[in-house]
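The file protein.txt contains compact mmCIF, C-alpha atoms:
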# COMPACT_ATOMS: atom_id res chain seq x y z
CA MET A 282 15.58 -4.57 17.18
CA VAL A 283 14.72 -8.08 15.97
CA ARG A 284 12.28 -8.17 18.88
CA GLY A 285 10.25 -5.45 17.17
CA ILE A 286 10.03 -7.43 13.96
CA LEU A 287 9.02 -10.54 15.92
CA PHE A 288 6.35 -8.50 17.71
CA ILE A 289 4.87 -7.46 14.38
CA TRP A 290 4.82 -11.05 13.12
CA THR A 291 3.14 -12.17 16.31
CA CYS A 292 0.45 -9.54 15.82
CA CYS A 293 0.08 -10.79 12.28
CA LEU A 294 -0.42 -14.38 13.44
CA LEU A 295 -2.76 -13.39 16.27
CA VAL A 296 -5.18 -11.47 14.07
CA SER A 297 -5.21 -14.19 11.45
CA GLY A 298 -5.58 -17.01 13.96
CA CYS A 299 -9.07 -16.40 15.28
CA ALA A 300 -11.04 -16.84 12.08
CA SER A 301 -12.34 -20.41 12.32
CA ARG A 302 -16.08 -21.02 12.26
CA SER A 303 -17.96 -24.24 11.57
CA ASP A 304 -20.77 -22.97 9.29
CA THR A 305 -19.98 -22.80 5.61
CA LEU A 306 -19.65 -19.38 4.03
CA TYR A 307 -22.81 -20.25 2.06
CA VAL A 308 -24.82 -20.63 5.27
CA GLN A 309 -23.25 -17.57 6.92
CA MET A 310 -24.16 -15.44 3.93
CA GLY A 311 -27.78 -16.52 3.94
CA GLY A 312 -27.97 -19.35 1.41
CA GLN A 313 -29.24 -19.44 -2.15
CA GLN A 314 -31.68 -16.58 -1.66
CA LYS A 315 -28.86 -14.20 -0.76
CA ILE A 316 -26.68 -15.41 -3.63
CA ASP A 317 -29.53 -14.85 -6.11
CA GLU A 318 -29.98 -11.37 -4.70
CA ILE A 319 -26.27 -10.59 -5.19
CA VAL A 320 -26.38 -11.85 -8.79
CA GLU A 321 -29.49 -9.78 -9.53
CA ASN A 322 -27.83 -6.66 -8.08
CA PHE A 323 -24.65 -7.40 -10.04
CA VAL A 324 -26.55 -7.58 -13.34
CA TYR A 325 -28.18 -4.26 -12.45
CA GLU A 326 -24.76 -2.70 -11.71
CA ILE A 327 -23.42 -3.90 -15.07
CA GLU A 328 -26.44 -2.52 -16.95
CA PHE A 329 -25.62 0.94 -15.65
CA ASN A 330 -21.89 0.83 -16.30
CA SER A 331 -20.96 1.97 -19.79
CA THR A 332 -17.44 0.50 -19.57
CA ILE A 333 -18.46 -3.02 -18.59
CA LEU A 334 -21.85 -3.34 -20.33
CA PRO A 335 -20.34 -3.84 -23.84
CA PHE A 336 -18.66 -7.05 -22.61
CA PHE A 337 -22.14 -8.45 -22.01
CA ALA A 338 -23.55 -7.43 -25.40
CA ASP A 339 -23.89 -11.02 -26.63
CA THR A 340 -24.65 -12.54 -23.26
CA ASP A 341 -27.82 -14.45 -22.46
CA ILE A 342 -28.46 -12.74 -19.12
CA THR A 343 -30.77 -15.47 -17.80
CA ARG A 344 -28.13 -18.14 -18.44
CA PHE A 345 -25.37 -15.90 -17.05
CA SER A 346 -27.34 -15.29 -13.84
CA GLU A 347 -28.00 -18.99 -13.39
CA LYS A 348 -24.41 -20.10 -13.98
CA PHE A 349 -22.86 -17.26 -11.96
CA ALA A 350 -25.15 -18.08 -9.03
CA GLU A 351 -24.05 -21.72 -9.27
CA GLN A 352 -20.43 -20.65 -9.28
CA LEU A 353 -20.84 -18.35 -6.25
CA CYS A 354 -22.69 -21.11 -4.42
CA MET A 355 -19.80 -23.46 -5.13
CA PHE A 356 -17.16 -20.91 -4.02
CA ALA A 357 -19.11 -20.49 -0.76
CA ASP A 358 -19.10 -24.27 -0.17
CA GLY A 359 -22.83 -24.49 -0.86
CA PRO A 360 -24.65 -27.57 -2.25
CA CYS A 361 -24.07 -26.73 -5.95
CA GLN A 362 -22.06 -27.94 -8.87
CA TYR A 363 -20.93 -25.41 -11.46
CA SER A 364 -22.23 -26.56 -14.86
CA GLY A 365 -21.17 -23.60 -17.01
CA ASP A 366 -18.27 -23.09 -19.39
CA THR A 367 -14.72 -22.59 -18.15
CA MET A 368 -13.59 -19.04 -17.36
CA GLU A 369 -11.18 -19.25 -20.31
CA GLN A 370 -14.02 -20.16 -22.69
CA VAL A 371 -16.25 -17.38 -21.40
CA HIS A 372 -13.65 -14.60 -21.41
CA GLY A 373 -11.48 -15.67 -24.37
CA GLY A 374 -11.08 -13.00 -27.06
CA MET A 375 -12.33 -10.20 -24.78
CA ASN A 376 -8.83 -9.01 -23.87
CA ILE A 377 -10.02 -7.85 -20.45
CA THR A 378 -7.57 -5.39 -18.89
CA GLU A 379 -6.60 -5.28 -15.25
CA ALA A 380 -8.46 -1.97 -14.82
CA GLN A 381 -11.65 -3.42 -16.37
CA PHE A 382 -11.31 -6.48 -14.16
CA ASN A 383 -10.95 -4.37 -11.00
CA LEU A 384 -13.86 -2.15 -12.03
CA THR A 385 -16.00 -5.29 -12.29
CA VAL A 386 -14.81 -6.32 -8.83
CA ASP A 387 -16.01 -2.91 -7.61
CA LEU A 388 -19.42 -3.52 -9.22
CA PHE A 389 -19.58 -6.94 -7.57
CA ILE A 390 -18.72 -5.37 -4.19
CA ALA A 391 -21.50 -2.80 -4.75
CA ALA A 392 -23.87 -5.70 -5.48
CA MET A 393 -22.89 -7.39 -2.20
CA ASN A 394 -23.25 -4.09 -0.30
CA LYS A 395 -26.77 -3.63 -1.65
CA ALA A 396 -27.61 -7.18 -0.61
CA GLY A 397 -26.36 -6.35 2.90
CA VAL A 398 -23.56 -8.94 2.93
CA PRO A 399 -21.24 -8.13 5.88
CA HIS A 400 -17.77 -6.83 4.95
CA ARG A 401 -16.00 -9.84 6.49
CA LEU A 402 -18.06 -12.35 4.50
CA GLN A 403 -17.53 -10.29 1.33
CA ASN A 404 -13.76 -10.60 1.76
CA GLN A 405 -13.92 -14.35 2.22
CA LEU A 406 -16.02 -14.80 -0.91
CA LEU A 407 -13.72 -12.48 -2.90
CA SER A 408 -10.70 -14.41 -1.67
CA ARG A 409 -12.10 -17.63 -3.19
CA MET A 410 -13.15 -15.91 -6.42
CA ALA A 411 -9.68 -14.34 -6.79
CA THR A 412 -8.24 -17.66 -7.97
CA THR A 413 -10.11 -17.28 -11.28
CA ARG A 414 -8.57 -13.88 -12.14
CA GLU A 415 -5.68 -15.45 -14.02
CA GLN A 416 -8.12 -17.24 -16.34
CA MET A 417 -9.82 -13.96 -17.33
CA LEU A 418 -7.15 -11.27 -17.78
CA TYR A 419 -5.78 -10.36 -21.22
CA LYS A 420 -7.22 -13.47 -22.92
CA MET B 53 13.96 25.89 -5.78
CA GLN B 54 15.55 22.87 -7.38
CA PHE B 55 12.83 20.81 -5.79
CA ILE B 56 10.00 22.96 -7.18
CA LYS B 57 11.52 22.69 -10.66
CA CYS B 58 11.70 18.95 -10.32
CA LEU B 59 8.08 18.79 -9.17
CA GLY B 60 7.09 20.87 -12.21
CA CYS B 61 8.89 18.47 -14.54
CA VAL B 62 7.11 15.52 -12.97
CA PHE B 63 3.67 17.06 -13.49
CA LEU B 64 4.41 18.18 -17.06
CA PHE B 65 5.62 14.71 -17.92
CA VAL B 66 2.50 13.14 -16.51
CA CYS B 67 0.02 15.58 -18.01
CA HIS B 68 1.23 14.82 -21.52
CA LEU B 69 0.35 11.17 -21.26
CA ALA B 70 -2.99 9.78 -22.12
CA TYR B 71 -4.08 7.12 -19.68
CA ALA B 72 -4.93 8.23 -16.16
CA GLY B 73 -4.32 5.53 -13.61
CA ASP B 74 -7.28 4.56 -11.50
CA GLY B 75 -7.50 0.85 -12.24
CA LYS B 76 -6.43 -0.66 -8.93
CA LEU B 77 -8.85 -1.43 -6.14
CA ILE B 78 -9.21 1.31 -3.52
CA GLY B 79 -6.64 1.11 -0.72
CA THR B 80 -4.30 -1.22 -2.61
CA ALA B 81 -1.88 1.54 -3.65
CA GLY B 82 -0.84 2.08 -0.06
CA LEU B 83 0.40 5.48 1.12
CA ASN B 84 3.51 7.63 0.81
CA THR B 85 6.30 7.24 3.33
CA ILE B 86 8.15 10.21 4.82
CA GLU B 87 10.91 9.44 2.30
CA GLY B 88 8.45 9.84 -0.60
CA THR B 89 8.43 6.19 -1.57
CA GLY B 90 5.14 4.33 -1.76
CA GLY B 91 4.56 2.31 1.37
CA GLY B 92 3.29 2.78 4.84
CA GLY B 93 4.38 5.79 6.88
CA ILE B 94 8.01 5.04 7.76
CA VAL B 95 8.55 1.74 5.91
CA PRO B 96 8.75 1.42 2.10
CA TRP B 97 6.51 -1.30 0.69
CA ALA B 98 6.63 -3.32 -2.52
CA THR B 99 3.48 -1.51 -3.67
CA LEU B 100 3.83 1.44 -6.04
CA SER B 101 2.27 4.69 -4.91
CA GLY B 102 -0.42 5.12 -7.58
CA TYR B 103 -3.58 3.33 -8.70
CA ASP B 104 -2.16 2.66 -12.18
CA THR B 105 -2.40 -0.81 -13.70
CA GLN B 106 -0.07 -2.24 -16.35
CA ASP B 107 -1.76 -0.05 -19.02
CA GLN B 108 -1.80 3.17 -16.98
CA LEU B 109 0.20 5.98 -15.39
CA SER B 110 -0.44 8.00 -12.27
CA ALA B 111 0.87 10.87 -10.17
CA SER B 112 0.40 11.44 -6.46
CA ALA B 113 1.40 14.05 -3.91
CA PHE B 114 1.46 14.22 -0.13
CA ILE B 115 2.34 16.30 2.89
CA THR B 116 3.34 14.86 6.24
CA GLN B 117 4.23 16.31 9.60
CA VAL B 118 5.80 14.47 12.52
CA SER B 119 5.95 16.39 15.80
CA VAL B 120 7.91 14.98 18.71
CA GLN B 121 9.31 16.46 21.96
CA ASP B 122 12.25 18.41 20.59
CA TYR B 123 11.81 18.20 16.82
CA ARG B 124 9.31 18.60 14.03
CA LEU B 125 9.68 17.06 10.57
CA ASN B 126 7.77 18.61 7.66
CA VAL B 127 7.67 16.66 4.42
CA ILE B 128 6.21 17.50 1.05
CA GLY B 129 6.58 15.09 -1.83
CA ALA B 130 5.37 13.78 -5.13
CA ASN B 131 5.37 10.55 -6.92
CA VAL B 132 4.91 9.18 -10.44
CA SER B 133 4.02 5.57 -11.05
CA VAL B 134 4.43 4.01 -14.48
CA TYR B 135 2.52 0.96 -15.77
CA ASP B 136 2.40 -0.59 -12.29
CA ARG B 137 6.08 -1.35 -12.87
CA ALA B 138 8.17 1.57 -11.67
CA GLU B 139 7.81 4.50 -9.33
CA PHE B 140 9.79 7.74 -9.15
CA SER B 141 9.54 9.98 -6.13
CA VAL B 142 10.90 13.13 -4.63
CA ALA B 143 10.47 14.31 -1.05
CA ARG B 144 11.63 17.44 0.68
CA HIS B 145 12.42 17.30 4.39
CA VAL B 146 12.55 20.33 6.65
CA PHE B 147 13.51 19.22 10.14
CA ASP B 148 12.90 21.88 12.78
CA LEU B 149 14.96 21.75 15.95
CA THR B 150 12.12 23.24 17.97
CA THR B 151 13.88 23.21 21.35
CA ILE B 152 17.36 24.47 20.45
CA GLY B 153 16.40 26.37 17.29
CA GLY B 154 17.45 25.95 13.67
CA GLU B 155 16.44 23.64 10.87
CA ILE B 156 17.92 20.99 8.61
CA ALA B 157 16.70 20.53 5.02
CA GLN B 158 17.28 17.58 2.73
CA THR B 159 15.85 16.17 -0.51
CA VAL B 160 15.24 12.49 -1.12
CA TYR B 161 15.00 11.16 -4.68
CA GLY B 162 13.61 7.67 -5.03
CA ALA B 163 13.09 5.00 -7.66
CA LYS B 164 11.46 1.62 -7.24
CA VAL B 165 10.84 -1.29 -9.60
CA ARG B 166 8.29 -4.03 -9.07
CA LEU B 167 10.08 -7.32 -9.66
CA TYR B 168 7.31 -9.81 -9.13
CA GLY B 169 3.70 -10.32 -8.30
CA ASP B 170 0.54 -8.57 -7.34
CA VAL B 171 -0.05 -7.59 -3.74
CA ILE B 172 -3.51 -9.24 -3.75
CA TYR B 173 -3.61 -11.84 -6.48
CA SER B 174 -0.23 -13.57 -6.78
CA ASP B 175 0.51 -16.65 -4.70
CA TRP B 176 3.72 -15.12 -3.35
CA PRO B 177 4.10 -11.56 -2.03
CA GLN B 178 4.68 -8.65 -4.39
CA LEU B 179 8.42 -7.96 -4.52
CA SER B 180 10.09 -4.65 -5.34
CA VAL B 181 13.57 -3.24 -5.20
CA GLY B 182 14.25 0.45 -4.69
CA VAL B 183 16.86 3.14 -4.11
CA GLN B 184 16.72 6.44 -2.25
CA TYR B 185 19.34 9.09 -2.91
CA LYS B 186 19.47 11.60 -0.07
CA ASP B 187 21.11 14.96 -0.42
CA LEU B 188 21.57 16.99 2.74
CA GLU B 189 21.42 20.73 2.27
CA ASP B 190 22.17 22.01 5.77
CA THR B 191 25.32 20.13 6.68
CA ALA B 192 26.46 21.95 9.83
CA VAL B 193 24.74 19.66 12.34
CA ALA B 194 25.80 16.51 10.45
CA ASN B 195 29.41 17.70 10.56
CA LEU B 196 29.13 18.68 14.21
CA VAL B 197 27.95 15.21 15.30
CA GLY B 198 30.75 13.57 13.33
CA SER B 199 29.07 12.05 10.28
CA GLU B 200 31.32 11.03 7.39
CA ASP B 201 29.16 12.18 4.44
CA THR B 202 26.38 14.63 3.64
CA SER B 203 24.76 12.57 0.91
CA GLY B 204 24.02 8.89 0.68
CA THR B 205 22.07 6.15 -1.02
CA ASP B 206 19.81 3.53 0.54
CA VAL B 207 18.92 0.33 -1.32
CA TYR B 208 16.00 -1.81 -0.21
CA LEU B 209 14.09 -4.95 -1.10
CA ALA B 210 10.45 -5.10 0.00
CA ALA B 211 7.86 -7.89 0.08
CA THR B 212 4.18 -7.05 0.60
CA LYS B 213 1.06 -9.21 0.64
CA VAL B 214 -2.65 -8.69 1.21
CA HIS B 215 -4.53 -11.74 2.47
CA LEU B 216 -8.24 -11.36 1.69
CA GLY B 217 -10.42 -12.12 4.68
CA ALA B 218 -7.48 -13.56 6.65
CA ALA B 219 -7.90 -11.54 9.87
CA ALA B 220 -11.22 -12.88 11.16
CA GLY B 221 -12.73 -11.95 7.80
CA TYR B 222 -10.92 -8.62 7.49
CA ASN B 223 -8.22 -8.11 4.89
CA LEU B 224 -4.72 -8.35 6.31
CA VAL B 225 -1.66 -6.64 4.85
CA TRP B 226 1.94 -7.27 5.84
CA ASN B 227 5.24 -5.97 4.60
CA LEU B 228 8.85 -6.90 5.23
CA THR B 229 11.71 -4.73 4.02
CA GLY B 230 15.48 -5.13 4.13
CA ARG B 231 17.43 -1.90 3.68
CA PHE B 232 21.14 -1.32 3.17
CA THR B 233 21.90 2.10 4.59
CA LYS B 234 24.45 4.39 6.20
CA ALA B 235 21.93 7.15 6.95
CA ASN B 236 21.77 8.71 10.40
CA GLN B 237 18.16 9.66 11.27
CA LEU B 238 17.00 9.43 7.62
CA GLY B 239 20.19 11.27 6.58
CA LEU B 240 19.25 14.46 8.44
CA LEU B 241 22.33 13.84 10.60
CA GLY B 242 24.47 12.77 7.66
CA PHE B 243 25.73 9.35 6.63
CA GLY B 244 28.15 7.08 8.45
CA GLY B 245 30.12 8.14 11.50
CA ALA B 246 32.84 7.42 14.02
CA ALA B 247 31.14 4.28 15.38
CA ASN B 248 30.45 2.77 11.94
CA ASP B 249 30.97 3.82 8.34
CA ASP B 250 29.85 0.66 6.54
CA TYR B 251 26.55 -0.22 4.93
CA GLU B 252 24.43 -2.28 7.27
CA LEU B 253 21.28 -4.33 6.66
CA MET B 254 18.28 -2.98 8.57
CA LEU B 255 14.96 -4.82 8.83
CA GLU B 256 11.65 -3.02 8.68
CA ALA B 257 8.13 -4.38 8.93
CA SER B 258 4.50 -3.34 8.85
CA VAL B 259 1.25 -5.11 9.51
CA GLY B 260 -2.22 -3.69 9.07
CA VAL B 261 -5.86 -4.67 9.04
CA LEU B 262 -8.42 -3.13 6.67
CA PHE B 263 -11.56 -2.74 8.72
CA SER B 264 -13.59 -1.63 5.70
CA ARG B 265 -12.81 -0.52 2.13
CA HIS B 266 -11.97 2.90 3.61
CA PHE B 267 -10.41 2.36 7.07
CA ALA B 268 -7.16 0.66 7.99
CA ALA B 269 -5.06 0.44 11.14
CA GLY B 270 -1.73 -1.10 11.93
CA ILE B 271 1.79 -0.87 13.26
CA GLU B 272 5.22 -0.36 11.76
CA TYR B 273 8.72 -1.01 12.96
CA ARG B 274 11.96 0.27 11.51
CA GLN B 275 15.39 -0.84 12.64
CA LYS B 276 18.08 1.90 12.56
CA PRO B 277 21.87 1.90 12.62
CA ASP B 278 23.83 3.80 15.28
CA ASN B 279 26.76 5.05 13.20
CA LEU B 280 27.34 8.18 15.27
CA GLY B 281 27.40 6.42 18.64
CA LEU B 282 24.64 8.75 19.87
CA GLY B 283 22.31 5.88 20.76
CA GLU B 284 20.07 6.15 17.67
CA ASP B 285 16.98 4.04 18.37
CA ASP B 286 14.72 1.94 16.20
CA TRP B 287 11.45 3.64 15.21
CA MET B 288 7.90 2.41 15.55
CA ASP B 289 4.45 3.78 14.95
CA VAL B 290 0.81 2.81 15.33
CA PHE B 291 -1.45 4.24 12.62
CA VAL B 292 -5.03 4.66 11.47
CA THR B 293 -5.77 5.58 7.88
CA TYR B 294 -8.93 6.86 6.27
CA ILE B 295 -9.16 6.50 2.48
CA PRO B 296 -12.44 8.12 1.37
CA SER B 297 -11.49 7.95 -2.31
CA LYS B 298 -8.54 7.19 -4.58
CA HIS B 299 -7.84 10.92 -4.65
CA VAL B 300 -7.27 11.51 -0.97
CA ASN B 301 -6.11 9.68 2.13
CA PHE B 302 -5.51 10.76 5.72
CA THR B 303 -3.22 9.04 8.19
CA LEU B 304 -2.83 9.73 11.87
CA ALA B 305 -0.17 7.87 13.81
CA TRP B 306 1.51 7.82 17.15
CA ALA B 307 5.25 7.55 16.62
CA ASP B 308 8.04 6.58 19.01
CA LEU B 309 11.34 7.74 17.52
CA GLY B 310 13.46 7.12 20.62
CA THR B 311 16.67 9.10 20.98
CA ILE B 312 17.51 11.69 18.33
CA ALA B 313 20.91 13.43 18.50
CA GLY B 314 21.24 12.62 22.18
CA ALA B 315 17.74 13.84 23.12
CA ALA B 316 15.79 10.85 24.44
CA GLY B 317 12.07 10.04 24.47
CA GLN B 318 11.06 11.57 21.13
CA LYS B 319 7.41 10.58 20.88
CA GLY B 320 4.53 12.32 19.21
CA LEU B 321 2.01 12.57 16.44
CA TYR B 322 2.40 11.83 12.76
CA PHE B 323 -0.15 13.30 10.38
CA SER B 324 -0.22 12.85 6.64
CA VAL B 325 -2.53 13.82 3.79
CA GLY B 326 -1.93 12.31 0.39
CA GLY B 327 -3.73 11.39 -2.75
CA GLN B 328 -3.63 10.72 -6.41
CA LEU B 329 -3.72 13.82 -8.60
CA TRP B 330 -3.93 12.09 -11.91
How does this structure look as structure tokens?
Amino acid sequence: MVRGILFIWTCCLLVSGCASRSDTLYVQMGGQQKIDEIVENFVYEIEFNSTILPFFADTDITRFSEKFAEQLCMFADGPCQYSGDTMEQVHGGMNITEAQFNLTVDLFIAAMNKAGVPHRLQNQLLSRMATTREQMLYK
Amino acid sequence: MQFIKCLGCVFLFVCHLAYAGDGKLIGTAGLNTIEGTGGGGIVPWATLSGYDTQDQLSASAFITQVSVQDYRLNVIGANVSVYDRAEFSVARHVFDLTTIGGEIAQTVYGAKVRLYGDVIYSDWPQLSVGVQYKDLEDTAVANLVGSEDTSGTDVYLAATKVHLGAAAGYNLVWNLTGRFTKANQLGLLGFGGAANDDYELMLEASVGVLFSRHFAAGIEYRQKPDNLGLGEDDWMDVFVTYIPSKHVNFTLAWADLGTIAGAAGQKGLYFSVGGQLW
């Protein structure tokens, strides 16, 4: 009985154990060129989404693209320093709901798919970005 | 009939409300267990069954069949999930005794409340507590094998977590559930018995890997009591799930249910189709 539970935990540890790799996520993804491509695709996805587009009504898209690329580069352990505003400053007063947040995640995933980023690298990038969710929701 | 009425009430209730629930990420609502509760296949999870977020409501339905050597379990069920906080479910079991003939029917009513967390985003696992009230309709077999009751209530606490990219870059999901129960074979053979008539804590666990946004595979294990002294075994299954959209999911599993009512080696296929209606 308890053996079964232990077996499941062992499986859990085994599959999570073999993930180490020496290259940074930034390098594995394909560097700055790939990150710029993702950001460009993401902006395109937003333009064609009537739910999310209004949130960008007052946004300087050139500045957004530049700062978001910096942020992604930093999340991927690339050679960048994020120089934009805090997530609280950017999203304050928008009262972003959980559903709107997740829809934007879907758009970002679509942007990565179009840029040909492998599923496994997508997950690792999303995992690092997930820490900022708290600073964006219902503010 | 009672069940159909109940199902009708559930849908009417849901259709009168304004905000359809589709705000969670695909795959993160999990599936429906054979007992109707949101979860894996045989183990309830801390996740609620629908894609509703804290501003939304949702309703889901499913059918499941488990065919093993001497028995076949048919399940139909429905589920309402409210503001990503609570879930109410109903499931109807018809258990065919395919070798000796006859069938046993029972209805399972469930409620679950999310106590803490978000399965993806919180630091600690999502935690939920739930109850399942099981009402056995065909009581002859339960009485014959010496069970003490023909209805019973299970109470469980479940912890579930998704780790993004944790399994060599794939998303990993695990669940651990503790259940207080007196049910014999889900309650189909009654509750309590000559060997034991007290509530016991049973441990249940699942682990799965999401190979894409639409495919998952994993295993489940469910510890069982042996109240009747008929050598009731723990259950396990290995599953693959295909989730093409939030509105439909398909699960195929190989299940090992051990000894049921003295008949050993009950292994076979589990097939389930579910999805969100609203």
With a cut-off of 7 Å and counting only C-alpha atoms, select all residues of chain B in contact with chain A and give the selection as a PDB file with C-alpha atoms, in the coordinates of the input.
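Written output follows (result.pdb):
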ATOM      1  CA  GLY B  75      -7.500   0.850 -12.240  1.00  0.00           C
ATOM      2  CA  LYS B  76      -6.430  -0.660  -8.930  1.00  0.00           C
ATOM      3  CA  LEU B  77      -8.850  -1.430  -6.140  1.00  0.00           C
ATOM      4  CA  THR B 105      -2.400  -0.810 -13.700  1.00  0.00           C
ATOM      5  CA  TYR B 173      -3.610 -11.840  -6.480  1.00  0.00           C
ATOM      6  CA  LEU B 216      -8.240 -11.360   1.690  1.00  0.00           C
ATOM      7  CA  GLY B 217     -10.420 -12.120   4.680  1.00  0.00           C
ATOM      8  CA  ALA B 218      -7.480 -13.560   6.650  1.00  0.00           C
ATOM      9  CA  ALA B 219      -7.900 -11.540   9.870  1.00  0.00           C
ATOM     10  CA  ALA B 220     -11.220 -12.880  11.160  1.00  0.00           C
ATOM     11  CA  GLY B 221     -12.730 -11.950   7.800  1.00  0.00           C
ATOM     12  CA  TYR B 222     -10.920  -8.620   7.490  1.00  0.00           C
ATOM     13  CA  ASN B 223      -8.220  -8.110   4.890  1.00  0.00           C
ATOM     14  CA  ALA B 257       8.130  -4.380   8.930  1.00  0.00           C
ATOM     15  CA  SER B 258       4.500  -3.340   8.850  1.00  0.00           C
ATOM     16  CA  VAL B 259       1.250  -5.110   9.510  1.00  0.00           C
ATOM     17  CA  SER B 264     -13.590  -1.630   5.700  1.00  0.00           C
ATOM     18  CA  TYR B 273       8.720  -1.010  12.960  1.00  0.00           C
ATOM     19  CA  GLN B 275      15.390  -0.840  12.640  1.00  0.00           C
ATOM     20  CA  ASP B 286      14.720   1.940  16.200  1.00  0.00           C
TER      21      ASP B 286
END
What gap, in Å, lies between atom CA of A:Lys348 and atom CA of A:Tyr363?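 Separating atom CA of A:Lys348 from atom CA of A:Tyr363 is a distance of 6.8 Å.
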Taking into account all atoms listed in the file, which residue in the set A:Pro335, A:Gly312, A:Gly374, A:Gly397 is nearest to A:Ala350?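 The answer is A:Gly312, which sits nearest to A:Ala350.
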Point-to-point distance from atom CA of A:Leu418 to atom CA of A:Val320, Å rounded to tenths: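 Between these atoms lies a distance of 21.2 Å.
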Which is closest to A:Phe349 among A:Ile377, A:Ala391, A:Val398, A:Met368, if we use all atoms listed in the file?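 Comparing A:Ile377, A:Ala391, A:Val398, A:Met368 against A:Phe349, the winner is A:Met368.
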Neighbours of point (-28.7, -7.6, -8.7) within 12 Å, using all atoms listed in the file, written as a short mmCIF file (atom, residue, chain, number, x, y, z; two decimals) with C-alpha atoms, in the frame of the given file:
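Everything below was put into selection.cif:
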data_model
loop_
_atom_site.label_atom_id
_atom_site.label_comp_id
_atom_site.auth_asym_id
_atom_site.auth_seq_id
_atom_site.Cartn_x
_atom_site.Cartn_y
_atom_site.Cartn_z
CA GLN A 314 -31.68 -16.58 -1.66
CA LYS A 315 -28.86 -14.20 -0.76
CA ILE A 316 -26.68 -15.41 -3.63
CA ASP A 317 -29.53 -14.85 -6.11
CA GLU A 318 -29.98 -11.37 -4.70
CA ILE A 319 -26.27 -10.59 -5.19
CA VAL A 320 -26.38 -11.85 -8.79
CA GLU A 321 -29.49 -9.78 -9.53
CA ASN A 322 -27.83 -6.66 -8.08
CA PHE A 323 -24.65 -7.40 -10.04
CA VAL A 324 -26.55 -7.58 -13.34
CA TYR A 325 -28.18 -4.26 -12.45
CA GLU A 326 -24.76 -2.70 -11.71
CA ILE A 327 -23.42 -3.90 -15.07
CA GLU A 328 -26.44 -2.52 -16.95
CA PHE A 329 -25.62 0.94 -15.65
CA ILE A 342 -28.46 -12.74 -19.12
CA SER A 346 -27.34 -15.29 -13.84
CA PHE A 349 -22.86 -17.26 -11.96
CA ALA A 350 -25.15 -18.08 -9.03
CA LEU A 388 -19.42 -3.52 -9.22
CA PHE A 389 -19.58 -6.94 -7.57
CA ILE A 390 -18.72 -5.37 -4.19
CA ALA A 391 -21.50 -2.80 -4.75
CA ALA A 392 -23.87 -5.70 -5.48
CA MET A 393 -22.89 -7.39 -2.20
CA ASN A 394 -23.25 -4.09 -0.30
CA LYS A 395 -26.77 -3.63 -1.65
CA ALA A 396 -27.61 -7.18 -0.61
CA GLY A 397 -26.36 -6.35 2.90
#
To one decimal place in Å, what is the distance between atom CA of B:Asn279 and atom CA of B:Asn248?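 Rounded to one decimal, the two atoms are 4.5 Å apart.
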